[in-house]
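Here's the structure, in structure tokens; my notes come after.
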Amino acid sequence: MPDLDRYAAPPRDAATLATRREALLDQLGWLEDEAAALAPLLADLPAWAVDEAPLETDLSAKETFAALTALDRDVYPVWLARLQDEDAPEVATPDPLPRVEGANGRALDALLTDLRAARADFRTALAAVPPEAWGRGVVVDGTATDLYGLALSVVQRDADHLKALAYRLHEADLRPRTPSDDLPRPPSS
């Protein structure tokens, strides 16, 4: 019978941990890549599709990008500092995402450029953490983990927010808001 307990905890040898660090840093870069890829797609949408949210409790696309930027600039660096200064600090993800005042009034490319820059800065700060500090304990949203788990939770949170935004835009009726502009017309006789 195979020993399944050996899979309960990930390997902790130096080579595996180095590979895991590199993979997580690479995955964190996915948000930068995604922001660059989304720019031309979102630019083709009507302005109201990125400036407005379907419900008051939802964030618009612009507000979502500004909120992700705020996490990278204002929240995650504090977490990193606490992780290095304290034993097993408890950190909590703002839920819902923070609303950034004035986000809808900003240009979409400026928001996406800020998002890419904030993530690049966060990845640089994370890459500067010495390998031995990655194993330090931290409690993220009530779950005990380490810096590897913290980085993975950031990647998963990014993916969840962008996936929700993508589904919302995919399901949206993006036809022009003026009546009958793009409705099929009856054939002329």
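Scheme for the structure tokens: letters A, B, ... for chains in order shown; per-chain residue numbers from 1; ligand numbers from 1 in order shown.
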Problem set entry | Exercise: Ala107 of chain A partners within 12 Å, only C-alpha atoms, chain neighbours under 4 positions left out, as a list in words | Ala39, Leu42, Ala43, Ala47, Val50, Asp51, Ala61, Lys62, Glu63, Phe65, Ala66, Gly102, Ala103, Leu111, Leu112, Thr113 and Asp114 of chain A
Problem set entry | Sel. of strand (DSSP E) residues, segment 46-145 of chain A, as a VMD selection string | chain A and resid 90 to 91 137 to 140 143 to 145
Find the nearest atom pair between each residue of segment 70-182 of chain A and segment 8-22 of chain A for residues within 10 Å, count only C-alpha atoms, give distances in Å to one decimal, sort rows by chain and ascending number, and present the table as CSV.
residue,atom,partner,partner_atom,distance
A:Leu126,CA,A:Arg21,CA,9.5
A:Ala127,CA,A:Arg21,CA,8.3
A:Pro131,CA,A:Ala18,CA,7.6
A:Glu132,CA,A:Ala14,CA,9.5
A:Trp134,CA,A:Arg21,CA,8.3
A:Gly135,CA,A:Arg12,CA,9.3
A:Leu147,CA,A:Arg21,CA,9.2
A:Tyr148,CA,A:Arg21,CA,7.0
A:Ala151,CA,A:Arg21,CA,9.0
Restricted to C-alpha atoms, what would the selected residues look like written as an mmCIF file, in the first residue's frame?
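Output saved as part.cif:
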data_model
loop_
_atom_site.group_PDB
_atom_site.id
_atom_site.type_symbol
_atom_site.label_atom_id
_atom_site.label_comp_id
_atom_site.auth_asym_id
_atom_site.auth_seq_id
_atom_site.Cartn_x
_atom_site.Cartn_y
_atom_site.Cartn_z
ATOM 1 C CA LEU A 126 9.160 39.761 -2.205
ATOM 2 C CA ALA A 127 12.168 38.562 -4.221
ATOM 3 C CA PRO A 131 15.146 32.382 1.234
ATOM 4 C CA GLU A 132 15.343 31.361 4.908
ATOM 5 C CA TRP A 134 10.114 32.363 3.431
ATOM 6 C CA GLY A 135 9.465 29.618 5.985
ATOM 7 C CA LEU A 147 5.442 33.282 2.972
ATOM 8 C CA TYR A 148 4.934 30.601 0.313
ATOM 9 C CA ALA A 151 2.197 34.541 -1.954
#
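Residues within 8 Å of segment 88-96 of chain A, counting only C-alpha atoms and excluding same-chain residues fewer than 5 positions away, are Trp79, Arg82, Leu83, Arg136, Gly137, Val138, Val139, Val140, Asp141 and Gly142 of chain A.
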For the residues selected in the previous step, produce a file with N, CA, C and O atoms as a compact mmCIF listing (two decimals), in the first residue's frame.
# COMPACT_ATOMS: atom_id res chain seq x y z
N TRP A 79 2.29 43.59 5.17
CA TRP A 79 2.34 42.17 5.55
C TRP A 79 3.77 41.66 5.54
O TRP A 79 4.19 40.97 6.46
N ARG A 82 5.71 43.00 8.49
CA ARG A 82 5.29 42.33 9.73
C ARG A 82 5.83 40.91 9.78
O ARG A 82 6.24 40.44 10.85
N LEU A 83 5.83 40.23 8.66
CA LEU A 83 6.34 38.85 8.61
C LEU A 83 7.82 38.80 9.00
O LEU A 83 8.26 37.87 9.67
N ARG A 136 9.03 31.46 7.54
CA ARG A 136 8.48 32.04 8.76
C ARG A 136 6.96 31.98 8.75
O ARG A 136 6.32 32.16 7.72
N GLY A 137 6.40 31.76 9.92
CA GLY A 137 4.96 31.61 10.04
C GLY A 137 4.21 32.92 9.92
O GLY A 137 4.69 33.98 10.31
N VAL A 138 3.02 32.82 9.35
CA VAL A 138 2.10 33.95 9.23
C VAL A 138 0.69 33.35 9.19
O VAL A 138 0.51 32.23 8.72
N VAL A 139 -0.26 34.07 9.71
CA VAL A 139 -1.65 33.62 9.65
C VAL A 139 -2.37 34.56 8.68
O VAL A 139 -2.49 35.76 8.93
N VAL A 140 -2.80 34.00 7.55
CA VAL A 140 -3.47 34.78 6.51
C VAL A 140 -4.95 34.44 6.53
O VAL A 140 -5.32 33.28 6.29
N ASP A 141 -5.76 35.42 6.84
CA ASP A 141 -7.22 35.23 6.88
C ASP A 141 -7.61 34.02 7.71
O ASP A 141 -8.45 33.21 7.32
N GLY A 142 -6.94 33.86 8.86
CA GLY A 142 -7.28 32.78 9.79
C GLY A 142 -6.59 31.45 9.52
O GLY A 142 -6.78 30.51 10.28
Exercise. So how many Å separate atom CA of Arg119 of chain A and atom CA of Leu97 of chain A, to one decimal?
Worked result: 16.3 Å
For this session: Name the residues in contact with Ala166 of chain A at a cut-off of 12 Å, using only C-alpha atoms, excluding same-chain residues fewer than 4 positions from it; report them as a ChimeraX atom specification.
Result: /A:34,38,41-42,49-50,60-61,64,159-162,170-172
Please produce a file of the residues just selected, as a short mmCIF file (atom, residue, chain, number, x, y, z; two decimals), in the first residue's frame, where the atoms kept are all heavy atoms.
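Here's the written file selection-v1.cif:
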data_model
loop_
_atom_site.label_atom_id
_atom_site.label_comp_id
_atom_site.auth_asym_id
_atom_site.auth_seq_id
_atom_site.Cartn_x
_atom_site.Cartn_y
_atom_site.Cartn_z
N GLU A 34 -1.45 40.09 -17.29
CA GLU A 34 -2.89 40.16 -17.52
C GLU A 34 -3.34 41.61 -17.72
O GLU A 34 -4.17 41.90 -18.58
CB GLU A 34 -3.63 39.52 -16.35
CG GLU A 34 -5.06 39.19 -16.61
CD GLU A 34 -5.28 38.12 -17.66
OE1 GLU A 34 -4.34 37.39 -18.02
OE2 GLU A 34 -6.41 38.04 -18.16
N LEU A 38 -5.21 42.87 -21.02
CA LEU A 38 -6.57 43.39 -20.93
C LEU A 38 -6.72 44.79 -21.53
O LEU A 38 -7.80 45.15 -21.99
CB LEU A 38 -7.01 43.45 -19.46
CG LEU A 38 -7.38 42.13 -18.82
CD1 LEU A 38 -7.60 42.33 -17.32
CD2 LEU A 38 -8.62 41.53 -19.46
N LEU A 41 -8.27 45.05 -24.99
CA LEU A 41 -9.62 44.48 -25.00
C LEU A 41 -10.62 45.42 -24.33
O LEU A 41 -11.71 45.66 -24.84
CB LEU A 41 -9.64 43.12 -24.29
CG LEU A 41 -8.75 42.05 -24.89
CD1 LEU A 41 -8.70 40.82 -23.99
CD2 LEU A 41 -9.23 41.67 -26.28
N LEU A 42 -10.21 45.96 -23.18
CA LEU A 42 -11.11 46.85 -22.45
C LEU A 42 -11.25 48.19 -23.14
O LEU A 42 -12.28 48.85 -23.03
CB LEU A 42 -10.61 47.04 -21.01
CG LEU A 42 -10.65 45.78 -20.15
CD1 LEU A 42 -9.98 46.03 -18.81
CD2 LEU A 42 -12.08 45.31 -19.94
N ALA A 49 -19.03 50.48 -19.65
CA ALA A 49 -18.78 49.09 -19.27
C ALA A 49 -17.60 48.97 -18.30
O ALA A 49 -17.55 48.03 -17.52
CB ALA A 49 -18.53 48.24 -20.51
N VAL A 50 -16.66 49.89 -18.33
CA VAL A 50 -15.53 49.84 -17.41
C VAL A 50 -15.65 50.86 -16.27
O VAL A 50 -14.98 50.75 -15.26
CB VAL A 50 -14.17 50.01 -18.14
CG1 VAL A 50 -13.88 48.83 -19.03
CG2 VAL A 50 -14.09 51.30 -18.90
N SER A 60 -16.59 48.67 -10.23
CA SER A 60 -16.45 48.73 -11.68
C SER A 60 -15.11 48.10 -12.05
O SER A 60 -14.28 47.82 -11.18
CB SER A 60 -16.49 50.19 -12.15
OG SER A 60 -15.31 50.85 -11.73
N ALA A 61 -14.87 47.90 -13.34
CA ALA A 61 -13.58 47.36 -13.78
C ALA A 61 -12.45 48.29 -13.33
O ALA A 61 -11.44 47.83 -12.79
CB ALA A 61 -13.58 47.20 -15.29
N THR A 64 -11.88 47.94 -9.66
CA THR A 64 -11.22 46.66 -9.37
C THR A 64 -9.72 46.79 -9.57
O THR A 64 -8.93 46.37 -8.72
CB THR A 64 -11.80 45.53 -10.25
OG1 THR A 64 -13.19 45.39 -9.97
CG2 THR A 64 -11.08 44.21 -10.00
N ALA A 159 -6.53 36.06 -9.24
CA ALA A 159 -7.25 35.26 -10.23
C ALA A 159 -8.75 35.30 -9.98
O ALA A 159 -9.54 35.44 -10.92
CB ALA A 159 -6.74 33.82 -10.22
N ASP A 160 -9.16 35.20 -8.73
CA ASP A 160 -10.59 35.23 -8.40
C ASP A 160 -11.22 36.56 -8.79
O ASP A 160 -12.31 36.59 -9.38
CB ASP A 160 -10.81 34.99 -6.90
CG ASP A 160 -10.52 33.55 -6.48
OD1 ASP A 160 -10.42 32.67 -7.36
OD2 ASP A 160 -10.37 33.34 -5.26
N HIS A 161 -10.55 37.67 -8.49
CA HIS A 161 -11.12 38.99 -8.82
C HIS A 161 -11.18 39.21 -10.33
O HIS A 161 -12.17 39.74 -10.84
CB HIS A 161 -10.34 40.11 -8.14
CG HIS A 161 -10.56 40.16 -6.66
ND1 HIS A 161 -11.79 40.38 -6.09
CD2 HIS A 161 -9.70 40.00 -5.64
CE1 HIS A 161 -11.68 40.35 -4.78
NE2 HIS A 161 -10.42 40.12 -4.48
N LEU A 162 -10.13 38.83 -11.04
CA LEU A 162 -10.13 39.03 -12.49
C LEU A 162 -11.11 38.08 -13.18
O LEU A 162 -11.75 38.45 -14.16
CB LEU A 162 -8.73 38.88 -13.06
CG LEU A 162 -7.77 40.00 -12.66
CD1 LEU A 162 -6.40 39.78 -13.28
CD2 LEU A 162 -8.30 41.37 -13.04
N HIS A 170 -18.33 39.39 -19.66
CA HIS A 170 -18.77 38.44 -20.69
C HIS A 170 -20.30 38.34 -20.73
O HIS A 170 -20.90 38.24 -21.80
CB HIS A 170 -18.16 37.06 -20.43
CG HIS A 170 -18.63 36.02 -21.38
ND1 HIS A 170 -18.22 35.98 -22.70
CD2 HIS A 170 -19.49 34.99 -21.23
CE1 HIS A 170 -18.81 34.96 -23.30
NE2 HIS A 170 -19.58 34.35 -22.44
N GLU A 171 -20.91 38.39 -19.56
CA GLU A 171 -22.36 38.24 -19.48
C GLU A 171 -23.10 39.56 -19.68
O GLU A 171 -24.32 39.57 -19.80
CB GLU A 171 -22.74 37.65 -18.12
CG GLU A 171 -22.25 36.22 -17.97
CD GLU A 171 -22.41 35.68 -16.55
OE1 GLU A 171 -22.89 36.44 -15.67
OE2 GLU A 171 -22.07 34.52 -16.33
N ALA A 172 -22.38 40.66 -19.73
CA ALA A 172 -23.02 41.97 -19.84
C ALA A 172 -23.58 42.19 -21.25
O ALA A 172 -23.05 41.69 -22.23
CB ALA A 172 -22.01 43.07 -19.52
#
Problem set entry | Spatial neighbours of Asp121 of chain A, 12 Å, only C-alpha atoms, chain gap at least 5 places, as a count of residues only | 17
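Taking atom CA of Arg157 of chain A and atom CA of Asp85 of chain A as the two end points, the separation is 24.5 Å.
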Exercise. Could you write out, as a PyMOL selection string, all the residues of segment 43-148 of chain A that DSSP marks as helix (DSSP H, G or I)?
Worked result: chain A and resi 43+47-51+61-85+103-105+108-127+131-135+147-148
